[in-house]
Amino acid sequence: IYAAKDMTAKEIARRMDCSPSTIKKQLDTARFKLGMQRTIRGLCLEAVRRGIIAPLVLALLVGGGNIQQMRPVRRPDAPRAQTVVRIQRLEEAQLAA
């Protein structure tokens, strides 16, 4: 939606609290999935044509302007648990005993 407003990757990244390279990767992925669209406008038009974005929703979101910013859902910052498993082979001599 921000891309449809002709915002740059940096501006979108600031609003979504992520890296500009993440935004560029997501836009490139969307372009690839929707038929190698060259422009953001072409990308949005193709998404509307395929029914991914409803035209009325796009018009309301782009034309609204004063819509409250929604923060993306993020994982908690708790440390991740790590399990280490080691396998040891017993010598044949130990098995014979």
# chains A, B, ... in the order shown; residues from 1 in each chain; ligands from 1
>>> residues_around(residues="Thr22 in chain A", least_positions_apart="6", cutoff="12 Å", atoms="only C-alpha atoms", output="number ranges by chain")
A: 9-10, 12-14, 16, 28-29
>>> write_last_selection(atoms="N, CA, C and O atoms", output="PDB file, in the first residue's frame")
ATOM      1  N   ALA A   9      11.702   2.983  -0.851  1.00  0.00           N
ATOM      2  CA  ALA A   9      11.947   1.844   0.046  1.00  0.00           C
ATOM      3  C   ALA A   9      12.374   2.323   1.426  1.00  0.00           C
ATOM      4  O   ALA A   9      11.995   1.730   2.441  1.00  0.00           O
ATOM      5  N   LYS A  10      13.140   3.409   1.484  1.00  0.00           N
ATOM      6  CA  LYS A  10      13.572   3.949   2.782  1.00  0.00           C
ATOM      7  C   LYS A  10      12.375   4.454   3.585  1.00  0.00           C
ATOM      8  O   LYS A  10      12.286   4.220   4.787  1.00  0.00           O
ATOM      9  N   ILE A  12       9.215   3.548   3.285  1.00  0.00           N
ATOM     10  CA  ILE A  12       8.400   2.402   3.686  1.00  0.00           C
ATOM     11  C   ILE A  12       9.058   1.675   4.856  1.00  0.00           C
ATOM     12  O   ILE A  12       8.394   1.286   5.818  1.00  0.00           O
ATOM     13  N   ALA A  13      10.377   1.508   4.797  1.00  0.00           N
ATOM     14  CA  ALA A  13      11.099   0.819   5.865  1.00  0.00           C
ATOM     15  C   ALA A  13      10.972   1.563   7.192  1.00  0.00           C
ATOM     16  O   ALA A  13      10.816   0.941   8.245  1.00  0.00           O
ATOM     17  N   ARG A  14      11.033   2.884   7.150  1.00  0.00           N
ATOM     18  CA  ARG A  14      10.870   3.664   8.376  1.00  0.00           C
ATOM     19  C   ARG A  14       9.486   3.450   8.968  1.00  0.00           C
ATOM     20  O   ARG A  14       9.331   3.311  10.174  1.00  0.00           O
ATOM     21  N   MET A  16       7.473   0.872   8.516  1.00  0.00           N
ATOM     22  CA  MET A  16       7.239  -0.521   8.920  1.00  0.00           C
ATOM     23  C   MET A  16       8.280  -1.022   9.915  1.00  0.00           C
ATOM     24  O   MET A  16       8.222  -2.179  10.330  1.00  0.00           O
ATOM     25  N   ASP A  28      10.643  -7.062  -5.019  1.00  0.00           N
ATOM     26  CA  ASP A  28      11.170  -7.883  -6.115  1.00  0.00           C
ATOM     27  C   ASP A  28      10.457  -9.236  -6.182  1.00  0.00           C
ATOM     28  O   ASP A  28      10.151  -9.725  -7.270  1.00  0.00           O
ATOM     29  N   THR A  29      10.189  -9.821  -5.018  1.00  0.00           N
ATOM     30  CA  THR A  29       9.463 -11.091  -4.980  1.00  0.00           C
ATOM     31  C   THR A  29       8.058 -10.929  -5.542  1.00  0.00           C
ATOM     32  O   THR A  29       7.590 -11.762  -6.324  1.00  0.00           O
TER      33      THR A  29
END
>>> closest_residue(among="A:Cys18, A:Ile53, A:Ile23, A:Ala4", to="Thr39 in chain A", atoms="only C-alpha atoms")
A:Ala4
>>> atom_distance(atom1="CA of Ala47 in chain A", atom2="CA of Lys33 in chain A")
10.1 Å
